[in-house]
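*Asks:* A single structure is presented below for examination.
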Amino acid sequence: MGLFPFLYSLIFILFFLTSSSSSSSSSPLCHPHETSALLHFKNSFSNINGTTYCYDYYDVEIVNPNTTISWDIKSKDCCRWSGVTCDDVTGHVIHLDLKCSGLQGFLHSNNALFSLSHLQSLILSYNNFSHSKISSEFGKFSNMVHLDLSFSNFSGKVPLQLSYLSNLLTLDLSSRQYSYEVLSLETNSWKRTVANLTNLRELFLSQVHMSSTSPDSFMNLSTSLTSLDLSYSDLQGKLPENVLSLPNLQQLDLTNNWNLTASFPQYNQSSPLKVLKLSKSGVMIDPYLCRKFKYLQVISLSQSHFNSVQLSPTFLDNCTQITSLDLSGNSLGGFFPCSSILNQQQLTHLDLSWNNFIGEIPEICSKSTKNPFSCISSKHHLVGSPPLHLTSLSLFP
């Protein structure tokens, strides 16, 4: 065989292989009925043009381009639309992220959204669904792994059908209610949720009213949980000890449940808990808190219940990774526990306001004589300068 025929054959083979590889690796187009469903969903709401502005739970501004503006029938492949992700093999829409997209209006049970049966992840947070009820149709998303309906102005009862989503890893129904329209989770729905969602890793129910829910129903919470937020939920009664000793729990927020009590585990453990928020709850603070949760980084105990008005100098000795500590509003007295608190190099936020500490913040606690914070307080009778590594400090009423 001559040189040229051989080269021609080689070029043909390479072209064939390249074409085959290219066609096999290219993603399929979005299914027409799913394109149509997304457009119907978009058109069922009024949308803010341009950039949308919304605020998270801490009133920090979120700026996000209105996602659905790019959705257009002229672009037939919805897999390329902003906020839409499709399966690389089947082309079905599996992920929809419309956080802070300026959607306004009612989300009815016959909305085309519920025809997207292959959805695995749905994020509708920070929109305004005008006190819509959470539809029972959400329970038909059998493949759903992540569901986020937070801060989008839903109200009414959380439907029992959400408990059908047995594959859920994340469920966020947190709300921010300023009126009588609230989101509530009743006993039957909660018990079914706990029983069926055994794979849950993150559960956020802040400001979802649960006053009728018995604390006993928390006994069977998923041991896979890493984050649990039940703040402002009007919980009442005694929380089972197992909640504070879940083996994988890293974040627990029980803030503002005045009528809720709880028991700390009676034994020392290697708990992975990093964030503990018990402010304005009825939970009695364990004086050996840091022996049981030595990896704590954020501790919020404002207006809490202590066994004594004195704070032990060794209260935080075993917590060596604290970045934020709030002990405000507890009328704690005695000498300020400098060695336990101020010597922690990671600590950047400290709130000791509305207490009655006495004593001196010694020189060893201060990193610089040019420290920008002044700590002379007649309320606390404290003198001296705090460490330079503190970027947020509150000592005064």
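Convention: chains lettered A, B, ... in structure tokens order; per-chain residue numbering from 1; ligands numbered from 1 as shown.
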When you look at Asp286 in chain A with a cut-off of 8 Å (counting only C-alpha atoms), what residues show up, excluding the ones that are within fewer than 6 positions of it in the same chain? I need them as a PDB file with C-alpha atoms, in the first residue's frame.
*Replies:*
```
ATOM      1  CA  PHE A 264     -28.230  16.684  78.160  1.00  0.00           C
ATOM      2  CA  PHE A 306     -28.228  28.222  84.266  1.00  0.00           C
ATOM      3  CA  ASN A 307     -28.003  26.193  87.430  1.00  0.00           C
TER       4      ASN A 307
END
```
*Asks:* Just asking: which residues within range 139-216 of chain A are strand (DSSP E or B) according to DSSP, as a PyMOL selection string?
*Replies:* chain A and resi 146-148+154-157+170-172+183-184+202-204+208-209
*Asks:* Could you take the residues named above and write them with all heavy atoms, as a compact mmCIF listing (two decimals), in the first residue's frame?
*Replies:*
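File written: selection_19.txt
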```txt
# COMPACT_ATOMS: atom_id res chain seq x y z
N HIS A 146 -33.58 16.65 47.46
CA HIS A 146 -33.46 17.95 48.12
C HIS A 146 -34.70 18.78 47.80
O HIS A 146 -35.00 19.04 46.64
CB HIS A 146 -32.21 18.70 47.64
CG HIS A 146 -30.93 17.96 47.87
ND1 HIS A 146 -30.34 17.85 49.11
CD2 HIS A 146 -30.13 17.27 47.02
CE1 HIS A 146 -29.24 17.12 49.02
NE2 HIS A 146 -29.09 16.77 47.76
N LEU A 147 -35.41 19.23 48.84
CA LEU A 147 -36.59 20.07 48.67
C LEU A 147 -36.46 21.29 49.58
O LEU A 147 -36.38 21.17 50.80
CB LEU A 147 -37.86 19.30 49.02
CG LEU A 147 -39.18 20.07 48.90
CD1 LEU A 147 -39.39 20.55 47.47
CD2 LEU A 147 -40.36 19.21 49.35
N ASP A 148 -36.44 22.47 48.97
CA ASP A 148 -36.26 23.72 49.70
C ASP A 148 -37.38 24.69 49.32
O ASP A 148 -37.39 25.22 48.21
CB ASP A 148 -34.89 24.32 49.38
CG ASP A 148 -34.58 25.57 50.20
OD1 ASP A 148 -35.48 26.06 50.91
OD2 ASP A 148 -33.44 26.05 50.13
N PHE A 154 -45.25 30.59 52.17
CA PHE A 154 -46.27 29.55 52.22
C PHE A 154 -46.98 29.64 53.57
O PHE A 154 -46.42 30.13 54.55
CB PHE A 154 -45.64 28.16 52.08
CG PHE A 154 -45.21 27.81 50.68
CD1 PHE A 154 -43.88 27.88 50.31
CD2 PHE A 154 -46.15 27.41 49.74
CE1 PHE A 154 -43.48 27.54 49.01
CE2 PHE A 154 -45.77 27.08 48.44
CZ PHE A 154 -44.43 27.14 48.08
N SER A 155 -48.20 29.13 53.63
CA SER A 155 -48.91 29.11 54.90
C SER A 155 -49.82 27.89 54.95
O SER A 155 -49.91 27.12 53.98
CB SER A 155 -49.72 30.40 55.10
OG SER A 155 -50.76 30.48 54.14
N GLY A 156 -50.50 27.71 56.08
CA GLY A 156 -51.39 26.57 56.22
C GLY A 156 -50.66 25.35 56.76
O GLY A 156 -49.54 25.42 57.24
N LYS A 157 -51.31 24.21 56.68
CA LYS A 157 -50.77 22.98 57.22
C LYS A 157 -49.80 22.32 56.25
O LYS A 157 -50.04 22.27 55.05
CB LYS A 157 -51.91 22.01 57.54
CG LYS A 157 -52.87 22.52 58.60
CD LYS A 157 -54.00 21.52 58.82
CE LYS A 157 -54.99 22.04 59.86
NZ LYS A 157 -56.13 21.10 60.06
N THR A 170 -32.48 16.43 52.29
CA THR A 170 -32.64 17.79 52.80
C THR A 170 -34.09 18.23 52.65
O THR A 170 -34.67 18.11 51.58
CB THR A 170 -31.75 18.78 52.03
OG1 THR A 170 -30.38 18.40 52.13
CG2 THR A 170 -31.91 20.19 52.58
N LEU A 171 -34.65 18.74 53.74
CA LEU A 171 -35.99 19.33 53.71
C LEU A 171 -35.93 20.66 54.45
O LEU A 171 -35.57 20.71 55.63
CB LEU A 171 -37.00 18.40 54.38
CG LEU A 171 -38.43 18.96 54.51
CD1 LEU A 171 -39.02 19.25 53.13
CD2 LEU A 171 -39.33 17.99 55.27
N ASP A 172 -36.26 21.74 53.75
CA ASP A 172 -36.23 23.08 54.34
C ASP A 172 -37.58 23.75 54.12
O ASP A 172 -37.94 24.10 53.00
CB ASP A 172 -35.11 23.91 53.71
CG ASP A 172 -34.82 25.18 54.52
OD1 ASP A 172 -35.67 25.56 55.34
OD2 ASP A 172 -33.75 25.79 54.31
N LEU A 183 -47.25 28.81 58.86
CA LEU A 183 -47.10 27.44 58.38
C LEU A 183 -47.05 26.55 59.62
O LEU A 183 -46.30 26.83 60.56
CB LEU A 183 -45.80 27.32 57.58
CG LEU A 183 -45.60 26.06 56.73
CD1 LEU A 183 -46.70 25.92 55.69
CD2 LEU A 183 -44.24 26.12 56.05
N SER A 184 -47.85 25.50 59.63
CA SER A 184 -47.91 24.65 60.81
C SER A 184 -47.72 23.19 60.43
O SER A 184 -48.07 22.75 59.33
CB SER A 184 -49.24 24.83 61.53
OG SER A 184 -50.32 24.42 60.71
N GLU A 202 -30.51 16.88 56.68
CA GLU A 202 -30.73 18.28 57.06
C GLU A 202 -32.23 18.54 57.14
O GLU A 202 -32.95 18.29 56.18
CB GLU A 202 -30.09 19.23 56.04
CG GLU A 202 -28.58 19.08 55.92
CD GLU A 202 -27.99 20.01 54.88
OE1 GLU A 202 -28.49 20.00 53.74
OE2 GLU A 202 -27.05 20.75 55.20
N LEU A 203 -32.68 19.05 58.28
CA LEU A 203 -34.09 19.35 58.48
C LEU A 203 -34.20 20.73 59.10
O LEU A 203 -33.72 20.99 60.21
CB LEU A 203 -34.72 18.31 59.40
CG LEU A 203 -36.21 18.49 59.74
CD1 LEU A 203 -37.06 18.50 58.48
CD2 LEU A 203 -36.67 17.40 60.70
N PHE A 204 -34.84 21.66 58.36
CA PHE A 204 -34.96 23.05 58.79
C PHE A 204 -36.44 23.41 58.87
O PHE A 204 -37.13 23.46 57.85
CB PHE A 204 -34.24 23.99 57.81
CG PHE A 204 -32.79 23.64 57.59
CD1 PHE A 204 -32.39 22.95 56.45
CD2 PHE A 204 -31.82 23.99 58.52
CE1 PHE A 204 -31.07 22.62 56.23
CE2 PHE A 204 -30.49 23.67 58.32
CZ PHE A 204 -30.11 22.98 57.17
N VAL A 208 -41.89 27.18 61.76
CA VAL A 208 -43.01 26.30 61.42
C VAL A 208 -43.65 25.91 62.75
O VAL A 208 -43.01 25.27 63.58
CB VAL A 208 -42.54 25.04 60.66
CG1 VAL A 208 -43.73 24.12 60.40
CG2 VAL A 208 -41.87 25.44 59.35
N HIS A 209 -44.87 26.30 62.98
CA HIS A 209 -45.48 26.12 64.29
C HIS A 209 -45.79 24.65 64.55
O HIS A 209 -46.44 23.98 63.76
CB HIS A 209 -46.75 26.97 64.38
CG HIS A 209 -46.46 28.42 64.60
ND1 HIS A 209 -47.07 29.18 65.57
CD2 HIS A 209 -45.61 29.26 63.98
CE1 HIS A 209 -46.61 30.41 65.53
NE2 HIS A 209 -45.73 30.49 64.57
```
*Asks:* What is the CA of Thr314 in chain A-CA of Leu296 in chain A distance in Å, reported with one decimal?
*Replies:*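 Calculated distance between CA of Thr314 in chain A and CA of Leu296 in chain A is 15.2 Å.
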*Asks:* My list of candidates is A:Met219, A:Ile123, A:Leu276, A:Leu352. Which is closest to Gln250 in chain A when distances are computed with only C-alpha atoms?
*Replies:*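 Closest residue, counting only C-alpha atoms: A:Leu276.
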*Asks:* I'd like the contact shell of Ser324 in chain A - 10 Å cut-off, only C-alpha atoms, skipping same-chain residues fewer than 4 positions apart - returned as a list in words.
*Replies:*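 Everything that qualifies: Val275, Leu296, Gln297, Val298, Ile299, Ser300, Gln346, Leu347, Thr348, His349, Leu350, Asp351, Leu390 and Ser392 of chain A.
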